[in-house]
Amino acid sequence: MTEVSSFAPHTTGCLYLVPTPIGNLDDLSVRAVKTLQQVALIAAEDTRNTQKLLNHFQIPTKQISFHEHNTQQRLPQLVELLQSGQDIAQVSDAGMPSISDPGKELVQACVAAKIPVIPLPGPNAALTALIASGLSPQPFYFYGFLPRKKSDLQQTLNFLAQLTTTFILYESPYRIQQTIAHLQTVLGSQRPIVLARELTKIHEAFLRGSLAEVQAYFHDHAPRGEYVLLVAGKSGPAVVTWSASQVLAQVHTEIAAGAKPNTAIKQVAKQADWSRQAVYNLYHGLEAKE
C-alpha cells in the first residue's frame, strides 16, 4: 500500500479532474479556470463543446478528445504524457468527470501507474437537485441512467424498489415518460418523486408529486430538457393505504394502457399492497377487500 500525496513534488505529471458547469457558466470555479489554464492538455468528452467554455474564459490550452468510443485508444497516449511530466485536465461535457460520463478508466490507469489524481470540487446535477428536492437528503443512493436491456432494467428496478433511502436517476426528455411508467409499475403509483430539469439554467424547474401525478402531468406537458429524478425510499406498508376506488381506478388505467385484465390485477395488487385475490374480486364485483 502506497500513499500518493497530491501536492508533493512529483517526477510525473498530475491528472486533474475538473468539473464543468451543468448550465450556468458562472459556476466554473476560479480554481478550475486556473487549472485549465496551467495544464499542458485538456482531455475532453467533446472538444467542440468544451471549446465554447474555453473561449468564454479565454483559455488557450490545447485539447484532445477522450470519450467512451476512443477510451482504449487514448489511455496509453495520455498515461505516457503524464509519465513524461505533463499535467492533464480531464473534463466531461457537464458536471463531474466519471459520474455518468467518461473518466473512470483514466483514473484507474493513473492509480495503477502511481500518477497523482487531483479532484476539484464543483458542479454536479445529482447533488444540486437533491438538496432542493424536499426529500430526505441522506443517506441517498445514486444510480444514474437506467439499463436499456429489459431484463437488466427489471432487475435494477426491483433492487431500487426495496431501498429505504432516496435514490437518484438521470434521464433524457425522450425516455422520461417511459421511465416514469416503469417506475410506477414496480414502485406503485403513490411513491413520491421529484423531477428537476434545466438545473442552473433560466428554465430551471422542479416537479414534485407522486409517480401517478407526474405521469398525468406528462399527458398534457411535453418533456423539456435533461432530467434528474429523485425518488423517495420505500416506507412502511402502513404509510400509504389504497382505497378500493383507487385500486379499481388503477386497474382500469392499466387495462386502458393495453394490459390484459389478469396482468393489470397482478400489477395493481403489488402496487397497492393488496392480495391478488382481493383485487380480482373487486374488479369483478364479487366482494370488497377484507
# chains A, B, ... in the order shown; residues from 1 in each chain; ligands from 1
call {"tool": "residues_around", "arguments": {"residues": "region 250-265 of chain A", "least_positions_apart": "6", "cutoff": "7 Å", "atoms": "only C-alpha atoms", "output": "list of chain:residue names"}}
result
A:Arg276, A:Val279, A:Tyr280
call {"tool": "residues_around", "arguments": {"residues": "Pro223 (chain A)", "least_positions_apart": "3", "cutoff": "8 Å", "atoms": "only C-alpha atoms", "output": "list of chain:residue names"}}
result
A:Pro173, A:Tyr174, A:Ile176, A:Phe218
call {"tool": "write_last_selection", "arguments": {"atoms": "all heavy atoms", "output": "PDB file, in the first residue's frame"}}
result
ATOM      1  N   PRO A 173     -35.103  13.705 -22.082  1.00  0.00           N
ATOM      2  CA  PRO A 173     -36.508  14.046 -22.324  1.00  0.00           C
ATOM      3  C   PRO A 173     -37.210  13.047 -23.246  1.00  0.00           C
ATOM      4  O   PRO A 173     -38.437  12.962 -23.250  1.00  0.00           O
ATOM      5  CB  PRO A 173     -36.429  15.434 -22.979  1.00  0.00           C
ATOM      6  CG  PRO A 173     -35.055  15.511 -23.553  1.00  0.00           C
ATOM      7  CD  PRO A 173     -34.190  14.731 -22.619  1.00  0.00           C
ATOM      8  N   TYR A 174     -36.440  12.270 -24.003  1.00  0.00           N
ATOM      9  CA  TYR A 174     -37.020  11.324 -24.953  1.00  0.00           C
ATOM     10  C   TYR A 174     -37.493  10.035 -24.275  1.00  0.00           C
ATOM     11  O   TYR A 174     -38.313   9.312 -24.831  1.00  0.00           O
ATOM     12  CB  TYR A 174     -36.004  10.988 -26.044  1.00  0.00           C
ATOM     13  CG  TYR A 174     -35.383  12.222 -26.650  1.00  0.00           C
ATOM     14  CD1 TYR A 174     -34.073  12.578 -26.363  1.00  0.00           C
ATOM     15  CD2 TYR A 174     -36.123  13.055 -27.488  1.00  0.00           C
ATOM     16  CE1 TYR A 174     -33.502  13.718 -26.899  1.00  0.00           C
ATOM     17  CE2 TYR A 174     -35.560  14.201 -28.035  1.00  0.00           C
ATOM     18  CZ  TYR A 174     -34.245  14.526 -27.733  1.00  0.00           C
ATOM     19  OH  TYR A 174     -33.699  15.667 -28.254  1.00  0.00           O
ATOM     20  N   ILE A 176     -38.157   9.948 -20.642  1.00  0.00           N
ATOM     21  CA  ILE A 176     -38.631  10.205 -19.285  1.00  0.00           C
ATOM     22  C   ILE A 176     -40.015   9.603 -19.035  1.00  0.00           C
ATOM     23  O   ILE A 176     -40.262   9.019 -17.975  1.00  0.00           O
ATOM     24  CB  ILE A 176     -38.629  11.722 -18.986  1.00  0.00           C
ATOM     25  CG1 ILE A 176     -39.032  11.978 -17.531  1.00  0.00           C
ATOM     26  CG2 ILE A 176     -39.512  12.492 -19.945  1.00  0.00           C
ATOM     27  CD1 ILE A 176     -38.059  11.458 -16.523  1.00  0.00           C
ATOM     28  N   PHE A 218     -47.375  14.638 -17.608  1.00  0.00           N
ATOM     29  CA  PHE A 218     -46.772  14.489 -18.928  1.00  0.00           C
ATOM     30  C   PHE A 218     -47.800  14.187 -20.019  1.00  0.00           C
ATOM     31  O   PHE A 218     -47.484  14.260 -21.204  1.00  0.00           O
ATOM     32  CB  PHE A 218     -45.685  13.416 -18.914  1.00  0.00           C
ATOM     33  CG  PHE A 218     -44.381  13.896 -18.331  1.00  0.00           C
ATOM     34  CD1 PHE A 218     -43.739  13.182 -17.327  1.00  0.00           C
ATOM     35  CD2 PHE A 218     -43.785  15.053 -18.791  1.00  0.00           C
ATOM     36  CE1 PHE A 218     -42.543  13.620 -16.786  1.00  0.00           C
ATOM     37  CE2 PHE A 218     -42.592  15.503 -18.265  1.00  0.00           C
ATOM     38  CZ  PHE A 218     -41.963  14.787 -17.254  1.00  0.00           C
TER      39      PHE A 218
END
call {"tool": "closest_residue", "arguments": {"among": "A:Arg197, A:Lys270, A:Arg148, A:His67", "to": "Ser98 (chain A)", "atoms": "only C-alpha atoms"}}
result
A:His67
call {"tool": "residues_around", "arguments": {"residues": "Val91 (chain A)", "least_positions_apart": "3", "cutoff": "7 Å", "atoms": "only C-alpha atoms", "output": "PyMOL selection string"}}
result
chain A and resi 17-20+43-45+97
call {"tool": "write_last_selection", "arguments": {"atoms": "all heavy atoms", "output": "compact mmCIF listing (two decimals), in the first residue's frame"}}
result
# COMPACT_ATOMS: atom_id res chain seq x y z
N LEU A 17 -8.99 16.33 -12.29
CA LEU A 17 -10.38 16.06 -12.66
C LEU A 17 -11.17 17.35 -12.40
O LEU A 17 -11.35 17.75 -11.25
CB LEU A 17 -10.94 14.91 -11.83
CG LEU A 17 -10.14 13.60 -11.92
CD1 LEU A 17 -10.72 12.55 -10.99
CD2 LEU A 17 -10.12 13.08 -13.36
N VAL A 18 -11.61 17.99 -13.49
CA VAL A 18 -12.19 19.33 -13.39
C VAL A 18 -13.68 19.30 -13.73
O VAL A 18 -14.05 19.07 -14.88
CB VAL A 18 -11.46 20.31 -14.33
CG1 VAL A 18 -12.04 21.71 -14.19
CG2 VAL A 18 -9.96 20.33 -14.02
N PRO A 19 -14.55 19.54 -12.74
CA PRO A 19 -15.98 19.62 -13.03
C PRO A 19 -16.29 20.89 -13.84
O PRO A 19 -15.69 21.94 -13.61
CB PRO A 19 -16.63 19.71 -11.64
CG PRO A 19 -15.57 19.27 -10.69
CD PRO A 19 -14.27 19.66 -11.31
N THR A 20 -17.19 20.78 -14.78
CA THR A 20 -17.57 21.92 -15.60
C THR A 20 -19.05 22.26 -15.37
O THR A 20 -19.81 21.42 -14.90
CB THR A 20 -17.34 21.61 -17.10
OG1 THR A 20 -18.01 20.39 -17.44
CG2 THR A 20 -15.85 21.47 -17.38
N ALA A 43 -8.15 16.77 -21.71
CA ALA A 43 -8.82 15.61 -22.29
C ALA A 43 -10.31 15.81 -22.13
O ALA A 43 -10.83 15.79 -21.01
CB ALA A 43 -8.36 14.33 -21.60
N ALA A 44 -11.01 16.04 -23.24
CA ALA A 44 -12.41 16.44 -23.20
C ALA A 44 -13.33 15.41 -23.84
O ALA A 44 -12.98 14.81 -24.86
CB ALA A 44 -12.59 17.79 -23.91
N GLU A 45 -14.50 15.25 -23.27
CA GLU A 45 -15.50 14.33 -23.82
C GLU A 45 -15.91 14.77 -25.23
O GLU A 45 -16.04 13.95 -26.13
CB GLU A 45 -16.72 14.28 -22.91
CG GLU A 45 -17.82 13.35 -23.39
CD GLU A 45 -19.03 13.33 -22.49
OE1 GLU A 45 -19.07 14.11 -21.52
OE2 GLU A 45 -19.95 12.53 -22.76
N PRO A 97 -16.51 14.65 -13.93
CA PRO A 97 -15.99 13.52 -14.71
C PRO A 97 -16.28 12.20 -13.99
O PRO A 97 -16.30 12.16 -12.75
CB PRO A 97 -14.48 13.79 -14.76
CG PRO A 97 -14.34 15.26 -14.54
CD PRO A 97 -15.46 15.62 -13.60
call {"tool": "residues_around", "arguments": {"residues": "region 32-35 of chain A", "least_positions_apart": "2", "cutoff": "9 Å", "atoms": "only C-alpha atoms", "output": "list in words"}}
result
Tyr16, Val18, Pro19, Thr20, Leu28, Ser29, Val30, Gln37, Gln38, Val39, Leu54, Phe57, Ile59, Ala89, Leu120, Pro121 and Gly122 of chain A
call {"tool": "select_by_dssp", "arguments": {"residues": "region 25-77 of chain A", "states": "strand (DSSP E)", "output": "JSON, numbers by chain"}}
result
{"A": [41, 42, 43, 44, 63, 64, 65]}
call {"tool": "select_by_dssp", "arguments": {"residues": "region 98-222 of chain A", "states": "alpha helix (DSSP H)", "output": "ChimeraX atom specification"}}
result
/A:104-112,125-133,150-161,176-187,211-220
call {"tool": "closest_residue", "arguments": {"among": "A:Ala269, A:Leu41, A:Leu195, A:Ala222", "to": "Leu130 (chain A)", "atoms": "only C-alpha atoms"}}
result
A:Leu195
call {"tool": "atom_distance", "arguments": {"atom1": "CA of Glu3 (chain A)", "atom2": "CA of Gln73 (chain A)"}}
result
28.7 Å
call {"tool": "residues_around", "arguments": {"residues": "region 211-217 of chain A", "least_positions_apart": "3", "cutoff": "10 Å", "atoms": "only C-alpha atoms", "output": "PyMOL selection string"}}
result
chain A and resi 176-181+183-185+187-195+207-208+220-223+231+250
call {"tool": "write_last_selection", "arguments": {"atoms": "N, CA and C atoms", "output": "PDB file, in the first residue's frame"}}
result
ATOM      1  N   ILE A 176     -38.157   9.948 -20.642  1.00  0.00           N
ATOM      2  CA  ILE A 176     -38.631  10.205 -19.285  1.00  0.00           C
ATOM      3  C   ILE A 176     -40.015   9.603 -19.035  1.00  0.00           C
ATOM      4  N   GLN A 177     -40.925   9.706 -20.001  1.00  0.00           N
ATOM      5  CA  GLN A 177     -42.264   9.165 -19.791  1.00  0.00           C
ATOM      6  C   GLN A 177     -42.255   7.645 -19.657  1.00  0.00           C
ATOM      7  N   GLN A 178     -41.430   7.001 -20.468  1.00  0.00           N
ATOM      8  CA  GLN A 178     -41.308   5.547 -20.383  1.00  0.00           C
ATOM      9  C   GLN A 178     -40.713   5.134 -19.040  1.00  0.00           C
ATOM     10  N   THR A 179     -39.734   5.896 -18.580  1.00  0.00           N
ATOM     11  CA  THR A 179     -39.102   5.585 -17.298  1.00  0.00           C
ATOM     12  C   THR A 179     -40.080   5.772 -16.146  1.00  0.00           C
ATOM     13  N   ILE A 180     -40.883   6.828 -16.183  1.00  0.00           N
ATOM     14  CA  ILE A 180     -41.893   7.039 -15.142  1.00  0.00           C
ATOM     15  C   ILE A 180     -42.877   5.872 -15.127  1.00  0.00           C
ATOM     16  N   ALA A 181     -43.266   5.384 -16.303  1.00  0.00           N
ATOM     17  CA  ALA A 181     -44.191   4.252 -16.386  1.00  0.00           C
ATOM     18  C   ALA A 181     -43.574   3.000 -15.772  1.00  0.00           C
ATOM     19  N   LEU A 183     -41.219   2.900 -13.458  1.00  0.00           N
ATOM     20  CA  LEU A 183     -41.124   3.112 -12.015  1.00  0.00           C
ATOM     21  C   LEU A 183     -42.473   2.896 -11.353  1.00  0.00           C
ATOM     22  N   GLN A 184     -43.529   3.382 -11.985  1.00  0.00           N
ATOM     23  CA  GLN A 184     -44.859   3.254 -11.410  1.00  0.00           C
ATOM     24  C   GLN A 184     -45.291   1.791 -11.340  1.00  0.00           C
ATOM     25  N   THR A 185     -44.942   1.015 -12.344  1.00  0.00           N
ATOM     26  CA  THR A 185     -45.303  -0.400 -12.358  1.00  0.00           C
ATOM     27  C   THR A 185     -44.658  -1.152 -11.200  1.00  0.00           C
ATOM     28  N   LEU A 187     -42.818   0.368  -8.406  1.00  0.00           N
ATOM     29  CA  LEU A 187     -42.822   1.034  -7.104  1.00  0.00           C
ATOM     30  C   LEU A 187     -44.222   1.388  -6.602  1.00  0.00           C
ATOM     31  N   GLY A 188     -45.187   1.407  -7.506  1.00  0.00           N
ATOM     32  CA  GLY A 188     -46.523   1.819  -7.127  1.00  0.00           C
ATOM     33  C   GLY A 188     -46.785   3.272  -7.493  1.00  0.00           C
ATOM     34  N   SER A 189     -48.043   3.597  -7.659  1.00  0.00           N
ATOM     35  CA  SER A 189     -48.416   4.917  -8.163  1.00  0.00           C
ATOM     36  C   SER A 189     -48.193   6.039  -7.158  1.00  0.00           C
ATOM     37  N   GLN A 190     -48.162   5.711  -5.862  1.00  0.00           N
ATOM     38  CA  GLN A 190     -48.139   6.761  -4.847  1.00  0.00           C
ATOM     39  C   GLN A 190     -46.746   7.097  -4.325  1.00  0.00           C
ATOM     40  N   ARG A 191     -45.717   6.454  -4.875  1.00  0.00           N
ATOM     41  CA  ARG A 191     -44.354   6.737  -4.396  1.00  0.00           C
ATOM     42  C   ARG A 191     -43.995   8.190  -4.735  1.00  0.00           C
ATOM     43  N   PRO A 192     -43.560   8.987  -3.743  1.00  0.00           N
ATOM     44  CA  PRO A 192     -43.184  10.375  -4.015  1.00  0.00           C
ATOM     45  C   PRO A 192     -41.950  10.464  -4.908  1.00  0.00           C
ATOM     46  N   ILE A 193     -41.962  11.431  -5.819  1.00  0.00           N
ATOM     47  CA  ILE A 193     -40.845  11.652  -6.726  1.00  0.00           C
ATOM     48  C   ILE A 193     -40.708  13.142  -7.001  1.00  0.00           C
ATOM     49  N   VAL A 194     -39.486  13.566  -7.250  1.00  0.00           N
ATOM     50  CA  VAL A 194     -39.203  14.943  -7.659  1.00  0.00           C
ATOM     51  C   VAL A 194     -38.417  14.890  -8.952  1.00  0.00           C
ATOM     52  N   LEU A 195     -38.841  15.672  -9.933  1.00  0.00           N
ATOM     53  CA  LEU A 195     -38.114  15.795 -11.194  1.00  0.00           C
ATOM     54  C   LEU A 195     -37.505  17.192 -11.262  1.00  0.00           C
ATOM     55  N   LEU A 207     -40.576  19.520 -10.395  1.00  0.00           N
ATOM     56  CA  LEU A 207     -41.916  18.945 -10.409  1.00  0.00           C
ATOM     57  C   LEU A 207     -41.987  17.933  -9.282  1.00  0.00           C
ATOM     58  N   ARG A 208     -42.867  18.196  -8.309  1.00  0.00           N
ATOM     59  CA  ARG A 208     -42.944  17.354  -7.117  1.00  0.00           C
ATOM     60  C   ARG A 208     -44.333  16.719  -7.022  1.00  0.00           C
ATOM     61  N   ASP A 220     -50.197  16.132 -20.522  1.00  0.00           N
ATOM     62  CA  ASP A 220     -50.556  17.463 -21.002  1.00  0.00           C
ATOM     63  C   ASP A 220     -49.364  18.382 -21.241  1.00  0.00           C
ATOM     64  N   HIS A 221     -48.169  17.938 -20.833  1.00  0.00           N
ATOM     65  CA  HIS A 221     -46.980  18.777 -20.964  1.00  0.00           C
ATOM     66  C   HIS A 221     -45.849  17.953 -21.584  1.00  0.00           C
ATOM     67  N   ALA A 222     -45.285  18.459 -22.650  1.00  0.00           N
ATOM     68  CA  ALA A 222     -44.175  17.765 -23.303  1.00  0.00           C
ATOM     69  C   ALA A 222     -42.912  17.890 -22.456  1.00  0.00           C
ATOM     70  N   PRO A 223     -42.149  16.803 -22.315  1.00  0.00           N
ATOM     71  CA  PRO A 223     -40.885  16.864 -21.576  1.00  0.00           C
ATOM     72  C   PRO A 223     -39.918  17.859 -22.217  1.00  0.00           C
ATOM     73  N   VAL A 231     -36.249   9.895  -6.154  1.00  0.00           N
ATOM     74  CA  VAL A 231     -37.370   9.052  -5.749  1.00  0.00           C
ATOM     75  C   VAL A 231     -37.253   8.741  -4.264  1.00  0.00           C
ATOM     76  N   GLN A 250     -57.027   2.251 -10.812  1.00  0.00           N
ATOM     77  CA  GLN A 250     -55.715   1.927 -11.354  1.00  0.00           C
ATOM     78  C   GLN A 250     -55.776   0.683 -12.236  1.00  0.00           C
TER      79      GLN A 250
END
call {"tool": "residues_around", "arguments": {"residues": "region 113-118 of chain A", "least_positions_apart": "2", "cutoff": "9 Å", "atoms": "only C-alpha atoms", "output": "tab-separated table (two decimals) with all heavy atoms, in the first residue's frame"}}
result
chain	number	residue	atom	x	y	z
A	2	THR	N	0.61	2.16	-0.92
A	2	THR	CA	1.41	3.37	-1.04
A	2	THR	C	0.51	4.59	-1.04
A	2	THR	O	-0.46	4.65	-1.78
A	2	THR	CB	2.24	3.37	-2.35
A	2	THR	OG1	3.06	2.20	-2.38
A	2	THR	CG2	3.12	4.61	-2.43
A	4	VAL	N	-0.19	8.32	-2.03
A	4	VAL	CA	0.27	9.26	-3.06
A	4	VAL	C	-0.22	10.65	-2.67
A	4	VAL	O	-1.42	10.92	-2.64
A	4	VAL	CB	-0.28	8.87	-4.45
A	4	VAL	CG1	0.19	9.88	-5.50
A	4	VAL	CG2	0.17	7.47	-4.82
A	5	SER	N	0.70	11.53	-2.35
A	5	SER	CA	0.36	12.90	-1.96
A	5	SER	C	0.04	13.73	-3.19
A	5	SER	O	0.79	13.72	-4.17
A	5	SER	CB	1.52	13.53	-1.18
A	5	SER	OG	1.23	14.88	-0.88
A	6	SER	N	-1.05	14.46	-3.15
A	6	SER	CA	-1.49	15.22	-4.32
A	6	SER	C	-0.56	16.39	-4.63
A	6	SER	O	-0.32	16.71	-5.80
A	6	SER	CB	-2.91	15.76	-4.11
A	6	SER	OG	-3.83	14.70	-4.00
A	7	PHE	N	-0.04	17.05	-3.60
A	7	PHE	CA	0.66	18.32	-3.84
A	7	PHE	C	2.14	18.29	-3.48
A	7	PHE	O	2.80	19.34	-3.48
A	7	PHE	CB	-0.06	19.44	-3.08
A	7	PHE	CG	-1.50	19.56	-3.48
A	7	PHE	CD1	-2.51	19.18	-2.61
A	7	PHE	CD2	-1.86	20.03	-4.74
A	7	PHE	CE1	-3.85	19.28	-2.99
A	7	PHE	CE2	-3.19	20.14	-5.12
A	7	PHE	CZ	-4.18	19.76	-4.24
A	10	HIS	N	6.56	15.81	-7.73
A	10	HIS	CA	6.42	14.55	-8.44
A	10	HIS	C	7.34	14.53	-9.65
A	10	HIS	O	7.64	15.57	-10.24
A	10	HIS	CB	4.98	14.34	-8.92
A	10	HIS	CG	3.97	14.35	-7.82
A	10	HIS	ND1	3.85	13.34	-6.90
A	10	HIS	CD2	3.01	15.27	-7.50
A	10	HIS	CE1	2.88	13.63	-6.06
A	10	HIS	NE2	2.36	14.79	-6.40
A	12	THR	N	6.33	12.74	-12.19
A	12	THR	CA	5.34	12.63	-13.25
A	12	THR	C	4.47	13.89	-13.26
A	12	THR	O	4.57	14.74	-12.37
A	12	THR	CB	4.42	11.41	-13.04
A	12	THR	OG1	3.60	11.64	-11.89
A	12	THR	CG2	5.25	10.15	-12.84
A	13	GLY	N	3.61	13.97	-14.25
A	13	GLY	CA	2.58	14.99	-14.23
A	13	GLY	C	1.43	14.56	-13.34
A	13	GLY	O	1.46	13.48	-12.74
A	14	CYS	N	0.42	15.39	-13.24
A	14	CYS	CA	-0.76	15.08	-12.44
A	14	CYS	C	-1.99	15.09	-13.33
A	14	CYS	O	-2.08	15.88	-14.28
A	14	CYS	CB	-0.95	16.11	-11.33
A	14	CYS	SG	0.38	16.15	-10.11
A	15	LEU	N	-2.94	14.21	-13.01
A	15	LEU	CA	-4.23	14.23	-13.68
A	15	LEU	C	-5.19	15.03	-12.82
A	15	LEU	O	-5.46	14.68	-11.67
A	15	LEU	CB	-4.77	12.81	-13.86
A	15	LEU	CG	-6.21	12.72	-14.40
A	15	LEU	CD1	-6.28	13.27	-15.83
A	15	LEU	CD2	-6.73	11.29	-14.35
A	16	TYR	N	-5.73	16.12	-13.38
A	16	TYR	CA	-6.70	16.96	-12.67
A	16	TYR	C	-8.09	16.63	-13.19
A	16	TYR	O	-8.33	16.67	-14.41
A	16	TYR	CB	-6.39	18.44	-12.88
A	16	TYR	CG	-5.13	18.92	-12.20
A	16	TYR	CD1	-3.89	18.82	-12.82
A	16	TYR	CD2	-5.17	19.46	-10.92
A	16	TYR	CE1	-2.73	19.24	-12.20
A	16	TYR	CE2	-4.02	19.89	-10.28
A	16	TYR	CZ	-2.80	19.78	-10.93
A	16	TYR	OH	-1.66	20.21	-10.30
A	17	LEU	N	-8.99	16.33	-12.29
A	17	LEU	CA	-10.38	16.06	-12.66
A	17	LEU	C	-11.17	17.35	-12.40
A	17	LEU	O	-11.35	17.75	-11.25
A	17	LEU	CB	-10.94	14.91	-11.83
A	17	LEU	CG	-10.14	13.60	-11.92
A	17	LEU	CD1	-10.72	12.55	-10.99
A	17	LEU	CD2	-10.12	13.08	-13.36
A	18	VAL	N	-11.61	17.99	-13.49
A	18	VAL	CA	-12.19	19.33	-13.39
A	18	VAL	C	-13.68	19.30	-13.73
A	18	VAL	O	-14.05	19.07	-14.88
A	18	VAL	CB	-11.46	20.31	-14.33
A	18	VAL	CG1	-12.04	21.71	-14.19
A	18	VAL	CG2	-9.96	20.33	-14.02
A	79	VAL	N	-1.46	8.37	-20.55
A	79	VAL	CA	-0.59	7.92	-19.46
A	79	VAL	C	0.87	8.23	-19.79
A	79	VAL	O	1.65	8.67	-18.93
A	79	VAL	CB	-0.80	6.42	-19.18
A	79	VAL	CG1	0.27	5.90	-18.23
A	79	VAL	CG2	-2.19	6.18	-18.60
A	82	LEU	N	1.51	11.88	-19.17
A	82	LEU	CA	1.58	12.13	-17.74
A	82	LEU	C	2.91	11.65	-17.15
A	82	LEU	O	3.53	12.33	-16.33
A	82	LEU	CB	0.40	11.45	-17.03
A	82	LEU	CG	-0.97	12.11	-17.24
A	82	LEU	CD1	-2.08	11.13	-16.95
A	82	LEU	CD2	-1.11	13.34	-16.36
A	83	GLN	N	3.35	10.47	-17.58
A	83	GLN	CA	4.61	9.94	-17.08
A	83	GLN	C	5.81	10.77	-17.52
A	83	GLN	O	6.84	10.79	-16.85
A	83	GLN	CB	4.77	8.48	-17.52
A	83	GLN	CG	3.83	7.52	-16.80
A	83	GLN	CD	3.93	6.10	-17.30
A	83	GLN	OE1	4.13	5.88	-18.50
A	83	GLN	NE2	3.75	5.13	-16.41
A	107	VAL	N	-8.64	7.40	-14.63
A	107	VAL	CA	-8.30	7.45	-13.20
A	107	VAL	C	-7.67	6.12	-12.77
A	107	VAL	O	-6.64	6.10	-12.09
A	107	VAL	CB	-9.54	7.76	-12.35
A	107	VAL	CG1	-9.23	7.60	-10.86
A	107	VAL	CG2	-10.05	9.17	-12.64
A	108	GLN	N	-8.29	5.02	-13.16
A	108	GLN	CA	-7.77	3.71	-12.78
A	108	GLN	C	-6.37	3.48	-13.34
A	108	GLN	O	-5.50	2.92	-12.66
A	108	GLN	CB	-8.74	2.62	-13.25
A	108	GLN	CG	-10.07	2.63	-12.51
A	108	GLN	CD	-11.14	1.80	-13.20
A	108	GLN	OE1	-10.96	1.33	-14.33
A	108	GLN	NE2	-12.27	1.60	-12.53
A	109	ALA	N	-6.15	3.92	-14.59
A	109	ALA	CA	-4.82	3.76	-15.20
A	109	ALA	C	-3.78	4.60	-14.46
A	109	ALA	O	-2.64	4.16	-14.27
A	109	ALA	CB	-4.89	4.17	-16.67
A	110	CYS	N	-4.16	5.78	-14.03
A	110	CYS	CA	-3.23	6.64	-13.30
A	110	CYS	C	-2.93	6.08	-11.91
A	110	CYS	O	-1.79	6.11	-11.44
A	110	CYS	CB	-3.79	8.06	-13.18
A	110	CYS	SG	-3.77	8.99	-14.73
A	111	VAL	N	-3.95	5.57	-11.26
A	111	VAL	CA	-3.74	4.97	-9.94
A	111	VAL	C	-2.78	3.79	-10.05
A	111	VAL	O	-1.85	3.63	-9.24
A	111	VAL	CB	-5.09	4.51	-9.33
A	111	VAL	CG1	-4.85	3.66	-8.09
A	111	VAL	CG2	-5.95	5.72	-9.00
A	120	LEU	N	-11.04	18.24	-8.34
A	120	LEU	CA	-11.53	19.56	-7.96
A	120	LEU	C	-13.02	19.45	-7.62
A	120	LEU	O	-13.75	18.75	-8.32
A	120	LEU	CB	-11.34	20.57	-9.09
A	120	LEU	CG	-9.98	21.27	-9.21
A	120	LEU	CD1	-8.87	20.27	-9.52
A	120	LEU	CD2	-10.03	22.37	-10.26
call {"tool": "closest_residue", "arguments": {"among": "A:Leu160, A:Ala249, A:Leu282, A:Ile42", "to": "Lys234 (chain A)", "atoms": "only C-alpha atoms"}}
result
A:Leu160
call {"tool": "residues_around", "arguments": {"residues": "Ala205 (chain A)", "least_positions_apart": "6", "cutoff": "12 Å", "atoms": "only C-alpha atoms", "output": "PyMOL selection string"}}
result
chain A and resi 129+132-133+194-199+223-228
call {"tool": "write_last_selection", "arguments": {"atoms": "C-alpha atoms", "output": "short mmCIF file (atom, residue, chain, number, x, y, z; two decimals), in the first residue's frame"}}
result
data_model
loop_
_atom_site.label_atom_id
_atom_site.label_comp_id
_atom_site.auth_asym_id
_atom_site.auth_seq_id
_atom_site.Cartn_x
_atom_site.Cartn_y
_atom_site.Cartn_z
CA ALA A 129 -31.16 18.56 -7.35
CA ALA A 132 -33.59 21.31 -3.30
CA SER A 133 -35.86 18.27 -3.67
CA VAL A 194 -39.20 14.94 -7.66
CA LEU A 195 -38.11 15.80 -11.19
CA ALA A 196 -35.53 18.54 -11.67
CA ARG A 197 -34.80 19.88 -15.13
CA GLU A 198 -32.61 22.55 -16.73
CA LEU A 199 -30.65 22.93 -13.50
CA PRO A 223 -40.88 16.86 -21.58
CA ARG A 224 -38.20 19.53 -21.87
CA GLY A 225 -34.50 19.26 -21.09
CA GLU A 226 -32.45 16.69 -19.24
CA TYR A 227 -33.98 15.35 -16.02
CA VAL A 228 -32.73 14.37 -12.59
#
call {"tool": "atom_distance", "arguments": {"atom1": "CA of Ser84 (chain A)", "atom2": "CA of Glu105 (chain A)"}}
result
19.4 Å
call {"tool": "closest_atom_pairs", "arguments": {"of": "region 63-92 of chain A", "to": "region 99-103 of chain A", "cutoff": "10 Å", "atoms": "only C-alpha atoms", "output": "CSV"}}
result
residue,atom,partner,partner_atom,distance
A:Phe66,CA,A:Pro102,CA,7.6
A:His67,CA,A:Pro102,CA,5.7
A:Glu68,CA,A:Pro102,CA,6.0
A:His69,CA,A:Pro102,CA,9.7
A:Thr71,CA,A:Pro102,CA,8.3
A:Gln90,CA,A:Gly103,CA,7.3
A:Val91,CA,A:Gly103,CA,8.0
A:Ser92,CA,A:Asp101,CA,6.4
call {"tool": "write_last_selection", "arguments": {"atoms": "C-alpha atoms", "output": "short mmCIF file (atom, residue, chain, number, x, y, z; two decimals), in the first residue's frame"}}
result
data_model
loop_
_atom_site.label_atom_id
_atom_site.label_comp_id
_atom_site.auth_asym_id
_atom_site.auth_seq_id
_atom_site.Cartn_x
_atom_site.Cartn_y
_atom_site.Cartn_z
CA PHE A 66 -11.43 11.43 -24.70
CA HIS A 67 -14.83 9.71 -24.77
CA GLU A 68 -16.45 6.30 -24.47
CA HIS A 69 -15.67 5.36 -28.09
CA THR A 71 -11.02 5.29 -24.40
CA GLN A 90 -9.92 15.74 -17.76
CA VAL A 91 -13.40 17.19 -18.29
CA SER A 92 -16.80 15.93 -19.38
#
call {"tool": "closest_residue", "arguments": {"among": "A:Gly85, A:Gly285, A:Pro60, A:Pro119", "to": "Thr11 (chain A)", "atoms": "only C-alpha atoms"}}
result
A:Gly85
call {"tool": "atom_distance", "arguments": {"atom1": "CA of Pro21 (chain A)", "atom2": "CA of Gly95 (chain A)"}}
result
5.8 Å
